[in-house]
Amino acid sequence: MGNEKQFVQEITPKSQDFSEWYVDVVRKAELADYTTIKGCMVIKPYGFALWENIRDALDKRIKATGHQNAYFPLFVPESLLKKEAAHVEGFAPEVAWVTHGGNEPLEERLAIRPTSEAIICSIYAKWVQSYRDLPILINQWANVVRWEKVTRLFLRTTEFLWQEGHTCHRTMDEAQEETLKMLRVYQEFAETELAMPVIPGQKTDNEKFPGALYTYTIEAMMGDGKALQAGTSHNLGQHFSKMFEIMFEDEDHVRKYVWQTSWGVSTRLVGGVIMTHGDDHGLILPPRIAPTQVIVVPIFQAATREAVVAKAGELKEHLAKICRCEIDARDQYTPGWKFNEYELRGVPVRLELGPKDLAKEQCVLVRRDTREKIFCPLTELENRIPALLEQIQKDMLARARAYREENTRTVANYDEFRQVMEEKRGFIFAPWCGNGECELKVKEDTKATIRCLPLDNENRVIEAREGVCVRCGAPAKYNVYFARAY
Ligand SMILES: [Zn+2]
């Protein structure tokens with residue numbers, strides 16, 4: 001038991017230091033680790049299995065909405081990256097450059113993609129000729145590189161994995177419809193699969209993607225009250241198609257520029273899952289994306305080992321047909337050590353089977369999220385496990401939603417705003433005048449940014465009917481969410 005205690009003590013309590021807690025969990029649960037390359041992480045097998053489940057769940061939705069996957073080059077010639085002015089200005093400080101091929105200096109520097117608009121647009125320009133070639137609905141799963149000064153495992157790393165959708169349309173309306181469709185796909189995916197409630201909304205001009213007409217976002221609240229931008233969808237308008245000459249001959253024989261969108265989520269979602277659900281014992285993974293959903297832990301002495309392990313193995317084989325089930329029958333670790341280990345790793349359900357359980361034809365199920373113990377007859381396992389996993393998934397979303405509600409506040413004035421942001425964090429829902437300089441002043445004072453202008457059910461930004469801006473007192477245009485963010 002001494003061993004156990006020491007094990008748990010290695011994780012900094014969440015309430016004591018959230019960011020230490022986060023790093024402890026990521027490393028000790030063996031999701032990822034730092035490497036000798038500054039800002040780059042290694043995603044370990046357990047972390048990668050989690051990412052694969054996240055990826056597959058989203059990939060299904062991307063395909064179900066009519067998109068296909070493709071793959072484009074890693075390198076972007078400098079001249080292409082520089083074509084769209086706002087775009088290059090936005091990314092210039094974080095671009096990594098390739099200057100040599102072997103020992104030969106290159107005639108033109110190559111950027112390692114920080115995002116792929118430039119390279120993909122140059123290729124689309126060749127693919128699109130007629131209105132019959134539209135729409136182009138393509139997604140890419142890839143790595144990108146952004147030279148970050150301050151990094152954090154999964155949340156901000158120099159190289160990361162993501163998907164980026166890039167589409168071309170005949171009209172502005174179609175592009176706008178696509179932008180919002182994918183925003184809602186992200187929302188449904190985050191809430192259903194990650195049990196992570198999000199607020200869909202529009203970014204302000206200060207916060208939008210370099211080169212976009214409009215940027216939409218899903219914003220989640222982490223366990224320390226800070227916001228995480230969990231996914232973005234951009235209506236690029238014709239900014240890129242004009243620079244890259246992506247033109248089509250329309251039905252009326254007039255040559256026109258296409259309307260474009262791009263949208264993406266990244267491995268940062270893994271960080272989001274950890275920070276939304278985890279506790280002082282470690283990870284709590286939503287069943288739908290957990291690499292292992294049920295861990296079977298046989299409890300035995302030398303005399304009972306054979307019978308207990310045999311039955312536990314049988315149960316595991318049986319359950320593996322209906323869920324992702326593993327068994328840990330290793331002799332060199334105590335059951336207590338194993339309980340801690342799988343709690344740390346966030347496995348949703350632990351199934352304990354000891355000699356007494358065996359005699360009674362039952363087992364003990366322990367929920368990771370509530371740590372509740374449930375006695376279950378072995379004959380009922382097949383029905384109980386899927387229902388329990390579903391219940392845990394639902395309860396996790398409900399708990400995260402309740403936490404967000406509790407930590408979303410309104411304030412009477414700017415003094416209170418500053419105080420809340422300093423002492424409690426969370427989201428502040430407040431009226432804003434619509435002025436970008438006023439927004440920047442708030443950031444200067446409080447480190448809080450406008451996370452989004454929320455949308456109504458018809459995807460329209462909700463305008464304020466009354467009230468005055470929380471900072472400057474001018475008539476309010478919108479009610480918006482403010483928060484400090486990752
Ligand atoms: Zn204002």
# chains A, B, ... in the order shown; residues from 1 in each chain; ligands from 1
>>> residues_near_ligand(ligand="ligand 1", cutoff="7 Å", atoms="only C-alpha atoms and all ligand atoms", output="ChimeraX atom specification")
/A:432-435,438-439,469-474
>>> write_last_selection(atoms="C-alpha atoms", output="CSV table (one decimal), in the first residue's frame")
chain,number,residue,atom,x,y,z
A,432,TRP,CA,-19.7,45.1,-26.0
A,433,CYS,CA,-19.7,48.1,-28.3
A,434,GLY,CA,-18.2,46.3,-31.3
A,435,ASN,CA,-15.1,48.5,-31.4
A,438,CYS,CA,-12.0,48.7,-26.9
A,439,GLU,CA,-11.6,44.9,-27.2
A,469,CYS,CA,-20.4,48.2,-23.4
A,470,VAL,CA,-18.9,46.8,-20.2
A,471,ARG,CA,-15.7,48.7,-20.7
A,472,CYS,CA,-16.4,52.0,-22.5
A,473,GLY,CA,-20.1,52.6,-21.8
A,474,ALA,CA,-21.0,53.2,-25.5
>>> residues_around(residues="Asp331 in chain A", least_positions_apart="2", cutoff="12 Å", atoms="only C-alpha atoms", output="JSON, numbers by chain")
{"A": [297, 298, 299, 300, 301, 302, 305, 306, 309, 328, 329, 333, 334, 335, 337, 338]}
>>> select_by_dssp(residues="range 410-443 of chain A", states="strand (DSSP E)", output="list in words")
Phe427, Ile428, Phe429, Ala430, Pro431 and Trp432 of chain A
>>> residues_around(residues="range 83-92 of chain A", least_positions_apart="2", cutoff="12 Å", atoms="only C-alpha atoms", output="PyMOL selection string")
chain A and resi 76-81+94-97+111-119+121-122+145-148+206-213+236+238-245
>>> write_last_selection(atoms="N, CA and C atoms", output="short mmCIF file (atom, residue, chain, number, x, y, z; two decimals), in the first residue's frame")
data_model
loop_
_atom_site.label_atom_id
_atom_site.label_comp_id
_atom_site.auth_asym_id
_atom_site.auth_seq_id
_atom_site.Cartn_x
_atom_site.Cartn_y
_atom_site.Cartn_z
N VAL A 76 5.82 24.85 -48.86
CA VAL A 76 5.14 25.94 -49.57
C VAL A 76 6.20 26.91 -50.08
N PRO A 77 6.37 27.05 -51.40
CA PRO A 77 7.35 28.01 -51.91
C PRO A 77 7.04 29.42 -51.39
N GLU A 78 8.09 30.16 -51.07
CA GLU A 78 7.93 31.48 -50.46
C GLU A 78 7.00 32.39 -51.28
N SER A 79 7.15 32.34 -52.60
CA SER A 79 6.34 33.22 -53.45
C SER A 79 4.85 32.92 -53.30
N LEU A 80 4.51 31.66 -53.08
CA LEU A 80 3.09 31.31 -52.90
C LEU A 80 2.56 31.80 -51.56
N LEU A 81 3.37 31.59 -50.52
CA LEU A 81 2.93 32.00 -49.17
C LEU A 81 2.69 33.51 -49.12
N GLU A 94 5.96 32.79 -37.29
CA GLU A 94 6.06 31.40 -36.83
C GLU A 94 6.33 30.39 -37.95
N VAL A 95 6.83 30.89 -39.08
CA VAL A 95 7.13 29.97 -40.19
C VAL A 95 8.56 29.43 -40.09
N ALA A 96 8.70 28.11 -40.27
CA ALA A 96 10.03 27.48 -40.37
C ALA A 96 10.38 27.36 -41.85
N TRP A 97 11.64 27.70 -42.18
CA TRP A 97 12.05 27.73 -43.58
C TRP A 97 13.08 26.67 -43.91
N ALA A 111 8.74 27.21 -47.27
CA ALA A 111 8.17 27.21 -45.91
C ALA A 111 7.67 25.80 -45.61
N ILE A 112 7.84 25.36 -44.37
CA ILE A 112 7.14 24.15 -43.94
C ILE A 112 5.75 24.60 -43.55
N ARG A 113 4.72 23.98 -44.13
CA ARG A 113 3.35 24.52 -44.00
C ARG A 113 2.98 24.86 -42.56
N PRO A 114 2.58 26.11 -42.32
CA PRO A 114 1.97 26.45 -41.03
C PRO A 114 0.46 26.20 -41.12
N THR A 115 -0.02 26.09 -42.34
CA THR A 115 -1.39 25.80 -42.75
C THR A 115 -1.28 25.71 -44.27
N SER A 116 -2.27 25.12 -44.95
CA SER A 116 -2.01 24.78 -46.36
C SER A 116 -2.77 25.60 -47.39
N GLU A 117 -3.40 26.71 -46.98
CA GLU A 117 -4.16 27.49 -47.97
C GLU A 117 -3.35 27.77 -49.24
N ALA A 118 -2.11 28.27 -49.06
CA ALA A 118 -1.33 28.72 -50.22
C ALA A 118 -1.03 27.58 -51.19
N ILE A 119 -0.53 26.47 -50.66
CA ILE A 119 -0.17 25.38 -51.57
C ILE A 119 -1.43 24.78 -52.20
N CYS A 121 -4.37 26.20 -52.72
CA CYS A 121 -4.98 27.13 -53.69
C CYS A 121 -4.24 27.10 -55.02
N SER A 122 -2.90 26.99 -54.96
CA SER A 122 -2.14 26.97 -56.22
C SER A 122 -2.49 25.73 -57.03
N VAL A 145 3.67 22.94 -38.97
CA VAL A 145 4.72 23.46 -38.09
C VAL A 145 4.53 24.96 -37.87
N ARG A 146 4.47 25.36 -36.62
CA ARG A 146 4.44 26.79 -36.28
C ARG A 146 5.47 27.00 -35.18
N TRP A 147 6.44 27.85 -35.47
CA TRP A 147 7.55 28.03 -34.54
C TRP A 147 7.09 28.80 -33.31
N GLU A 148 6.71 28.07 -32.28
CA GLU A 148 6.14 28.69 -31.09
C GLU A 148 7.23 29.02 -30.08
N ASN A 206 -10.33 41.20 -34.72
CA ASN A 206 -9.00 41.05 -34.10
C ASN A 206 -8.57 39.60 -33.99
N GLU A 207 -9.54 38.71 -33.84
CA GLU A 207 -9.23 37.31 -33.53
C GLU A 207 -9.40 36.40 -34.74
N LYS A 208 -9.80 36.94 -35.90
CA LYS A 208 -10.09 36.03 -37.02
C LYS A 208 -8.81 35.55 -37.71
N PHE A 209 -8.98 34.51 -38.53
CA PHE A 209 -7.88 33.88 -39.26
C PHE A 209 -7.31 34.86 -40.29
N PRO A 210 -5.96 34.93 -40.39
CA PRO A 210 -5.37 35.87 -41.35
C PRO A 210 -5.78 35.54 -42.79
N GLY A 211 -6.53 36.43 -43.40
CA GLY A 211 -6.96 36.23 -44.79
C GLY A 211 -8.42 35.81 -44.90
N ALA A 212 -9.07 35.58 -43.78
CA ALA A 212 -10.48 35.15 -43.83
C ALA A 212 -11.43 36.34 -43.84
N LEU A 213 -12.63 36.08 -44.40
CA LEU A 213 -13.70 37.07 -44.36
C LEU A 213 -14.35 37.00 -42.97
N LEU A 236 -13.45 32.10 -46.36
CA LEU A 236 -12.30 32.83 -46.90
C LEU A 236 -12.72 33.84 -47.96
N GLN A 238 -13.28 35.57 -51.31
CA GLN A 238 -12.51 35.43 -52.55
C GLN A 238 -11.07 35.91 -52.39
N HIS A 239 -10.64 36.13 -51.13
CA HIS A 239 -9.29 36.66 -50.91
C HIS A 239 -8.23 35.80 -51.57
N PHE A 240 -8.34 34.50 -51.35
CA PHE A 240 -7.32 33.60 -51.88
C PHE A 240 -7.54 33.31 -53.37
N SER A 241 -8.80 33.17 -53.77
CA SER A 241 -9.05 32.82 -55.18
C SER A 241 -8.59 33.96 -56.10
N LYS A 242 -8.68 35.19 -55.63
CA LYS A 242 -8.20 36.31 -56.46
C LYS A 242 -6.68 36.31 -56.57
N MET A 243 -6.00 36.02 -55.46
CA MET A 243 -4.54 36.00 -55.47
C MET A 243 -3.99 34.80 -56.25
N PHE A 244 -4.69 33.69 -56.16
CA PHE A 244 -4.20 32.45 -56.80
C PHE A 244 -4.92 32.16 -58.13
N GLU A 245 -5.80 33.07 -58.51
CA GLU A 245 -6.55 32.94 -59.76
C GLU A 245 -7.26 31.61 -59.90
#
>>> atom_distance(atom1="CA of Arg184 in chain A", atom2="CA of Thr217 in chain A")
9.7 Å
>>> residues_around(residues="Ala227 in chain A", least_positions_apart="6", cutoff="8 Å", atoms="only C-alpha atoms", output="VMD selection string")
chain A and resid 219 to 221 426 to 427 451 483 to 486
>>> closest_atom_pairs(of="range 113-207 of chain A", to="range 268-278 of chain A", cutoff="7 Å", atoms="only C-alpha atoms", output="CSV")
residue,atom,partner,partner_atom,distance
A:Phe154,CA,A:Arg268,CA,4.9
A:Leu155,CA,A:Arg268,CA,4.6
A:Leu194,CA,A:Val273,CA,6.5
A:Met196,CA,A:Thr276,CA,6.8
>>> atom_distance(atom1="CA of Leu351 in chain A", atom2="CA of Glu317 in chain A")
13.3 Å
>>> select_by_dssp(residues="range 47-294 of chain A", states="alpha helix (DSSP H)", output="ChimeraX atom specification")
/A:47-64,78-81,85-91,117-127,172-193,239-244,268-277
>>> residues_around(residues="range 252-259 of chain A", least_positions_apart="3", cutoff="9 Å", atoms="only C-alpha atoms", output="compact mmCIF listing (two decimals) with N, CA and C atoms, in the first residue's frame")
# COMPACT_ATOMS: atom_id res chain seq x y z
N VAL A 128 -9.76 23.72 -61.19
CA VAL A 128 -11.07 24.34 -61.43
C VAL A 128 -11.06 25.07 -62.76
N SER A 130 -14.48 24.92 -64.82
CA SER A 130 -15.89 25.18 -65.13
C SER A 130 -16.73 25.08 -63.87
N LEU A 134 -17.26 22.35 -59.63
CA LEU A 134 -17.55 22.80 -58.27
C LEU A 134 -18.75 22.07 -57.69
N THR A 167 -12.34 23.99 -49.20
CA THR A 167 -13.41 23.81 -50.19
C THR A 167 -13.54 25.04 -51.10
N CYS A 168 -14.05 24.78 -52.32
CA CYS A 168 -14.31 25.85 -53.30
C CYS A 168 -15.77 25.78 -53.72
N HIS A 169 -16.38 26.95 -53.84
CA HIS A 169 -17.81 27.01 -54.16
C HIS A 169 -18.08 28.06 -55.23
N ARG A 170 -19.28 27.92 -55.80
CA ARG A 170 -19.68 28.79 -56.89
C ARG A 170 -20.16 30.15 -56.39
N THR A 171 -20.78 30.14 -55.20
CA THR A 171 -21.35 31.40 -54.70
C THR A 171 -20.94 31.65 -53.24
N MET A 172 -21.09 32.90 -52.84
CA MET A 172 -20.85 33.30 -51.46
C MET A 172 -21.78 32.53 -50.51
N ASP A 173 -23.05 32.40 -50.91
CA ASP A 173 -24.01 31.72 -50.05
C ASP A 173 -23.61 30.28 -49.77
N GLU A 174 -23.16 29.61 -50.84
CA GLU A 174 -22.73 28.22 -50.68
C GLU A 174 -21.54 28.11 -49.74
N ALA A 175 -20.59 29.03 -49.89
CA ALA A 175 -19.39 29.00 -49.03
C ALA A 175 -19.78 29.27 -47.57
N GLN A 176 -20.70 30.20 -47.39
CA GLN A 176 -21.14 30.51 -46.03
C GLN A 176 -21.87 29.32 -45.41
N ASN A 235 -14.83 31.34 -43.45
CA ASN A 235 -15.27 31.71 -44.79
C ASN A 235 -14.18 32.61 -45.36
N LEU A 236 -13.45 32.10 -46.36
CA LEU A 236 -12.30 32.83 -46.90
C LEU A 236 -12.72 33.84 -47.96
N GLY A 237 -14.00 33.83 -48.30
CA GLY A 237 -14.46 34.75 -49.34
C GLY A 237 -13.71 34.48 -50.64
N GLN A 238 -13.28 35.57 -51.31
CA GLN A 238 -12.51 35.43 -52.55
C GLN A 238 -11.07 35.91 -52.39
N HIS A 239 -10.64 36.13 -51.13
CA HIS A 239 -9.29 36.66 -50.91
C HIS A 239 -8.23 35.80 -51.57
N PHE A 240 -8.34 34.50 -51.35
CA PHE A 240 -7.32 33.60 -51.88
C PHE A 240 -7.54 33.31 -53.37
N SER A 241 -8.80 33.17 -53.77
CA SER A 241 -9.05 32.82 -55.18
C SER A 241 -8.59 33.96 -56.10
N LYS A 242 -8.68 35.19 -55.63
CA LYS A 242 -8.20 36.31 -56.46
C LYS A 242 -6.68 36.31 -56.57
N GLU A 245 -5.80 33.07 -58.51
CA GLU A 245 -6.55 32.94 -59.76
C GLU A 245 -7.26 31.61 -59.90
N ILE A 246 -8.05 31.29 -58.90
CA ILE A 246 -8.90 30.10 -59.00
C ILE A 246 -10.22 30.56 -59.62
N MET A 247 -10.36 30.32 -60.94
CA MET A 247 -11.49 30.87 -61.68
C MET A 247 -12.24 29.77 -62.41
N PHE A 248 -13.52 30.02 -62.60
CA PHE A 248 -14.33 29.05 -63.34
C PHE A 248 -15.24 29.79 -64.32
N GLU A 249 -15.55 29.09 -65.39
CA GLU A 249 -16.52 29.68 -66.32
C GLU A 249 -17.90 29.25 -65.86
>>> residues_around(residues="Leu388 in chain A", least_positions_apart="3", cutoff="10 Å", atoms="only C-alpha atoms", output="VMD selection string")
chain A and resid 287 348 to 349 365 367 381 383 to 385 391 to 394
>>> write_last_selection(atoms="C-alpha atoms", output="PDB file, in the first residue's frame")
ATOM      1  CA  PRO A 287     -15.984   6.100 -23.087  1.00  0.00           C
ATOM      2  CA  PRO A 348     -13.944   4.510 -17.777  1.00  0.00           C
ATOM      3  CA  VAL A 349     -14.810   1.183 -16.077  1.00  0.00           C
ATOM      4  CA  LEU A 365     -17.730  -2.569 -11.608  1.00  0.00           C
ATOM      5  CA  ARG A 367     -16.870   3.918 -12.555  1.00  0.00           C
ATOM      6  CA  LEU A 381     -22.462  -8.090 -17.839  1.00  0.00           C
ATOM      7  CA  ASN A 383     -26.178  -5.849 -21.057  1.00  0.00           C
ATOM      8  CA  ARG A 384     -24.851  -3.758 -18.215  1.00  0.00           C
ATOM      9  CA  ILE A 385     -21.497  -2.728 -19.726  1.00  0.00           C
ATOM     10  CA  GLN A 391     -24.430   6.551 -18.976  1.00  0.00           C
ATOM     11  CA  ILE A 392     -20.876   7.648 -18.108  1.00  0.00           C
ATOM     12  CA  GLN A 393     -20.575   9.451 -21.443  1.00  0.00           C
ATOM     13  CA  LYS A 394     -23.855  11.305 -20.793  1.00  0.00           C
TER      14      LYS A 394
END
>>> closest_residue(among="A:Trp51, A:Tyr214, A:Tyr414, A:Trp21", to="Lys441 in chain A", atoms="only C-alpha atoms")
A:Tyr414
>>> residues_around(residues="Thr65 in chain A", least_positions_apart="4", cutoff="9 Å", atoms="only C-alpha atoms", output="PyMOL selection string")
chain A and resi 60-61+181-182+185
>>> atom_distance(atom1="CA of Phe75 in chain A", atom2="CA of Ala142 in chain A")
12.2 Å
>>> decode(residues="range 263-298 of chain A", atoms="N, CA and C atoms", output="PDB file, in the first residue's frame")
ATOM      1  N   TRP A 263     -11.305  24.835 -42.666  1.00  0.00           N
ATOM      2  CA  TRP A 263     -11.729  24.517 -41.300  1.00  0.00           C
ATOM      3  C   TRP A 263     -10.828  23.448 -40.716  1.00  0.00           C
ATOM      4  N   GLY A 264     -10.570  23.545 -39.413  1.00  0.00           N
ATOM      5  CA  GLY A 264      -9.630  22.598 -38.818  1.00  0.00           C
ATOM      6  C   GLY A 264      -9.778  22.383 -37.327  1.00  0.00           C
ATOM      7  N   VAL A 265      -9.405  21.193 -36.904  1.00  0.00           N
ATOM      8  CA  VAL A 265      -9.182  20.892 -35.480  1.00  0.00           C
ATOM      9  C   VAL A 265      -7.871  20.120 -35.387  1.00  0.00           C
ATOM     10  N   SER A 266      -7.270  20.116 -34.199  1.00  0.00           N
ATOM     11  CA  SER A 266      -5.935  19.546 -34.074  1.00  0.00           C
ATOM     12  C   SER A 266      -5.784  18.678 -32.829  1.00  0.00           C
ATOM     13  N   THR A 267      -4.548  18.193 -32.631  1.00  0.00           N
ATOM     14  CA  THR A 267      -4.227  17.384 -31.449  1.00  0.00           C
ATOM     15  C   THR A 267      -4.437  18.176 -30.157  1.00  0.00           C
ATOM     16  N   ARG A 268      -4.675  19.455 -30.272  1.00  0.00           N
ATOM     17  CA  ARG A 268      -4.989  20.252 -29.088  1.00  0.00           C
ATOM     18  C   ARG A 268      -6.276  19.754 -28.413  1.00  0.00           C
ATOM     19  N   LEU A 269      -7.123  19.080 -29.198  1.00  0.00           N
ATOM     20  CA  LEU A 269      -8.345  18.501 -28.615  1.00  0.00           C
ATOM     21  C   LEU A 269      -8.017  17.502 -27.509  1.00  0.00           C
ATOM     22  N   VAL A 270      -6.882  16.799 -27.647  1.00  0.00           N
ATOM     23  CA  VAL A 270      -6.478  15.855 -26.600  1.00  0.00           C
ATOM     24  C   VAL A 270      -6.275  16.623 -25.287  1.00  0.00           C
ATOM     25  N   GLY A 271      -5.596  17.772 -25.380  1.00  0.00           N
ATOM     26  CA  GLY A 271      -5.418  18.631 -24.214  1.00  0.00           C
ATOM     27  C   GLY A 271      -6.761  19.088 -23.659  1.00  0.00           C
ATOM     28  N   GLY A 272      -7.689  19.376 -24.553  1.00  0.00           N
ATOM     29  CA  GLY A 272      -9.025  19.812 -24.150  1.00  0.00           C
ATOM     30  C   GLY A 272      -9.762  18.741 -23.357  1.00  0.00           C
ATOM     31  N   VAL A 273      -9.651  17.504 -23.813  1.00  0.00           N
ATOM     32  CA  VAL A 273     -10.305  16.390 -23.116  1.00  0.00           C
ATOM     33  C   VAL A 273      -9.717  16.223 -21.712  1.00  0.00           C
ATOM     34  N   ILE A 274      -8.403  16.302 -21.620  1.00  0.00           N
ATOM     35  CA  ILE A 274      -7.736  16.155 -20.318  1.00  0.00           C
ATOM     36  C   ILE A 274      -8.204  17.245 -19.357  1.00  0.00           C
ATOM     37  N   MET A 275      -8.214  18.489 -19.839  1.00  0.00           N
ATOM     38  CA  MET A 275      -8.504  19.629 -18.962  1.00  0.00           C
ATOM     39  C   MET A 275      -9.990  19.824 -18.688  1.00  0.00           C
ATOM     40  N   THR A 276     -10.841  19.196 -19.512  1.00  0.00           N
ATOM     41  CA  THR A 276     -12.279  19.286 -19.252  1.00  0.00           C
ATOM     42  C   THR A 276     -12.686  18.302 -18.162  1.00  0.00           C
ATOM     43  N   HIS A 277     -12.110  17.098 -18.194  1.00  0.00           N
ATOM     44  CA  HIS A 277     -12.651  16.015 -17.366  1.00  0.00           C
ATOM     45  C   HIS A 277     -11.760  15.542 -16.221  1.00  0.00           C
ATOM     46  N   GLY A 278     -10.445  15.749 -16.302  1.00  0.00           N
ATOM     47  CA  GLY A 278      -9.530  15.118 -15.353  1.00  0.00           C
ATOM     48  C   GLY A 278      -9.731  15.558 -13.909  1.00  0.00           C
ATOM     49  N   ASP A 279      -9.236  14.740 -12.953  1.00  0.00           N
ATOM     50  CA  ASP A 279      -9.289  15.101 -11.537  1.00  0.00           C
ATOM     51  C   ASP A 279      -7.942  14.789 -10.871  1.00  0.00           C
ATOM     52  N   ASP A 280      -7.906  14.880  -9.540  1.00  0.00           N
ATOM     53  CA  ASP A 280      -6.640  14.688  -8.828  1.00  0.00           C
ATOM     54  C   ASP A 280      -6.054  13.282  -8.999  1.00  0.00           C
ATOM     55  N   HIS A 281      -6.862  12.334  -9.421  1.00  0.00           N
ATOM     56  CA  HIS A 281      -6.351  10.982  -9.643  1.00  0.00           C
ATOM     57  C   HIS A 281      -5.847  10.782 -11.068  1.00  0.00           C
ATOM     58  N   GLY A 282      -6.067  11.753 -11.920  1.00  0.00           N
ATOM     59  CA  GLY A 282      -5.544  11.656 -13.284  1.00  0.00           C
ATOM     60  C   GLY A 282      -6.594  11.922 -14.342  1.00  0.00           C
ATOM     61  N   LEU A 283      -6.477  11.191 -15.448  1.00  0.00           N
ATOM     62  CA  LEU A 283      -7.383  11.356 -16.580  1.00  0.00           C
ATOM     63  C   LEU A 283      -8.763  10.785 -16.276  1.00  0.00           C
ATOM     64  N   ILE A 284      -9.781  11.361 -16.902  1.00  0.00           N
ATOM     65  CA  ILE A 284     -11.083  10.692 -16.976  1.00  0.00           C
ATOM     66  C   ILE A 284     -11.472  10.758 -18.453  1.00  0.00           C
ATOM     67  N   LEU A 285     -11.464   9.617 -19.118  1.00  0.00           N
ATOM     68  CA  LEU A 285     -11.716   9.645 -20.558  1.00  0.00           C
ATOM     69  C   LEU A 285     -13.168   9.320 -20.874  1.00  0.00           C
ATOM     70  N   PRO A 286     -13.756  10.064 -21.806  1.00  0.00           N
ATOM     71  CA  PRO A 286     -15.107   9.730 -22.252  1.00  0.00           C
ATOM     72  C   PRO A 286     -15.074   8.339 -22.902  1.00  0.00           C
ATOM     73  N   PRO A 287     -16.005   7.462 -22.554  1.00  0.00           N
ATOM     74  CA  PRO A 287     -15.984   6.100 -23.087  1.00  0.00           C
ATOM     75  C   PRO A 287     -15.871   6.027 -24.609  1.00  0.00           C
ATOM     76  N   ARG A 288     -16.532   6.934 -25.309  1.00  0.00           N
ATOM     77  CA  ARG A 288     -16.549   6.812 -26.775  1.00  0.00           C
ATOM     78  C   ARG A 288     -15.170   6.936 -27.404  1.00  0.00           C
ATOM     79  N   ILE A 289     -14.240   7.634 -26.757  1.00  0.00           N
ATOM     80  CA  ILE A 289     -12.907   7.788 -27.349  1.00  0.00           C
ATOM     81  C   ILE A 289     -11.814   7.109 -26.526  1.00  0.00           C
ATOM     82  N   ALA A 290     -12.166   6.514 -25.391  1.00  0.00           N
ATOM     83  CA  ALA A 290     -11.151   5.882 -24.537  1.00  0.00           C
ATOM     84  C   ALA A 290     -10.521   4.698 -25.263  1.00  0.00           C
ATOM     85  N   PRO A 291      -9.170   4.625 -25.310  1.00  0.00           N
ATOM     86  CA  PRO A 291      -8.519   3.480 -25.968  1.00  0.00           C
ATOM     87  C   PRO A 291      -8.927   2.154 -25.322  1.00  0.00           C
ATOM     88  N   THR A 292      -9.030   2.131 -23.998  1.00  0.00           N
ATOM     89  CA  THR A 292      -9.562   0.971 -23.282  1.00  0.00           C
ATOM     90  C   THR A 292     -10.795   1.443 -22.536  1.00  0.00           C
ATOM     91  N   GLN A 293     -11.913   0.764 -22.760  1.00  0.00           N
ATOM     92  CA  GLN A 293     -13.159   1.189 -22.096  1.00  0.00           C
ATOM     93  C   GLN A 293     -13.374   0.451 -20.782  1.00  0.00           C
ATOM     94  N   VAL A 294     -12.959  -0.818 -20.749  1.00  0.00           N
ATOM     95  CA  VAL A 294     -13.113  -1.629 -19.538  1.00  0.00           C
ATOM     96  C   VAL A 294     -11.791  -2.339 -19.272  1.00  0.00           C
ATOM     97  N   ILE A 295     -11.280  -2.196 -18.035  1.00  0.00           N
ATOM     98  CA  ILE A 295     -10.078  -2.944 -17.659  1.00  0.00           C
ATOM     99  C   ILE A 295     -10.478  -4.005 -16.629  1.00  0.00           C
ATOM    100  N   VAL A 296     -10.145  -5.234 -16.924  1.00  0.00           N
ATOM    101  CA  VAL A 296     -10.453  -6.336 -16.016  1.00  0.00           C
ATOM    102  C   VAL A 296      -9.245  -6.554 -15.102  1.00  0.00           C
ATOM    103  N   VAL A 297      -9.478  -6.454 -13.765  1.00  0.00           N
ATOM    104  CA  VAL A 297      -8.399  -6.680 -12.801  1.00  0.00           C
ATOM    105  C   VAL A 297      -8.761  -7.865 -11.899  1.00  0.00           C
ATOM    106  N   PRO A 298      -8.155  -9.027 -12.141  1.00  0.00           N
ATOM    107  CA  PRO A 298      -8.391 -10.166 -11.253  1.00  0.00           C
ATOM    108  C   PRO A 298      -7.655  -9.968  -9.927  1.00  0.00           C
TER     109      PRO A 298
END
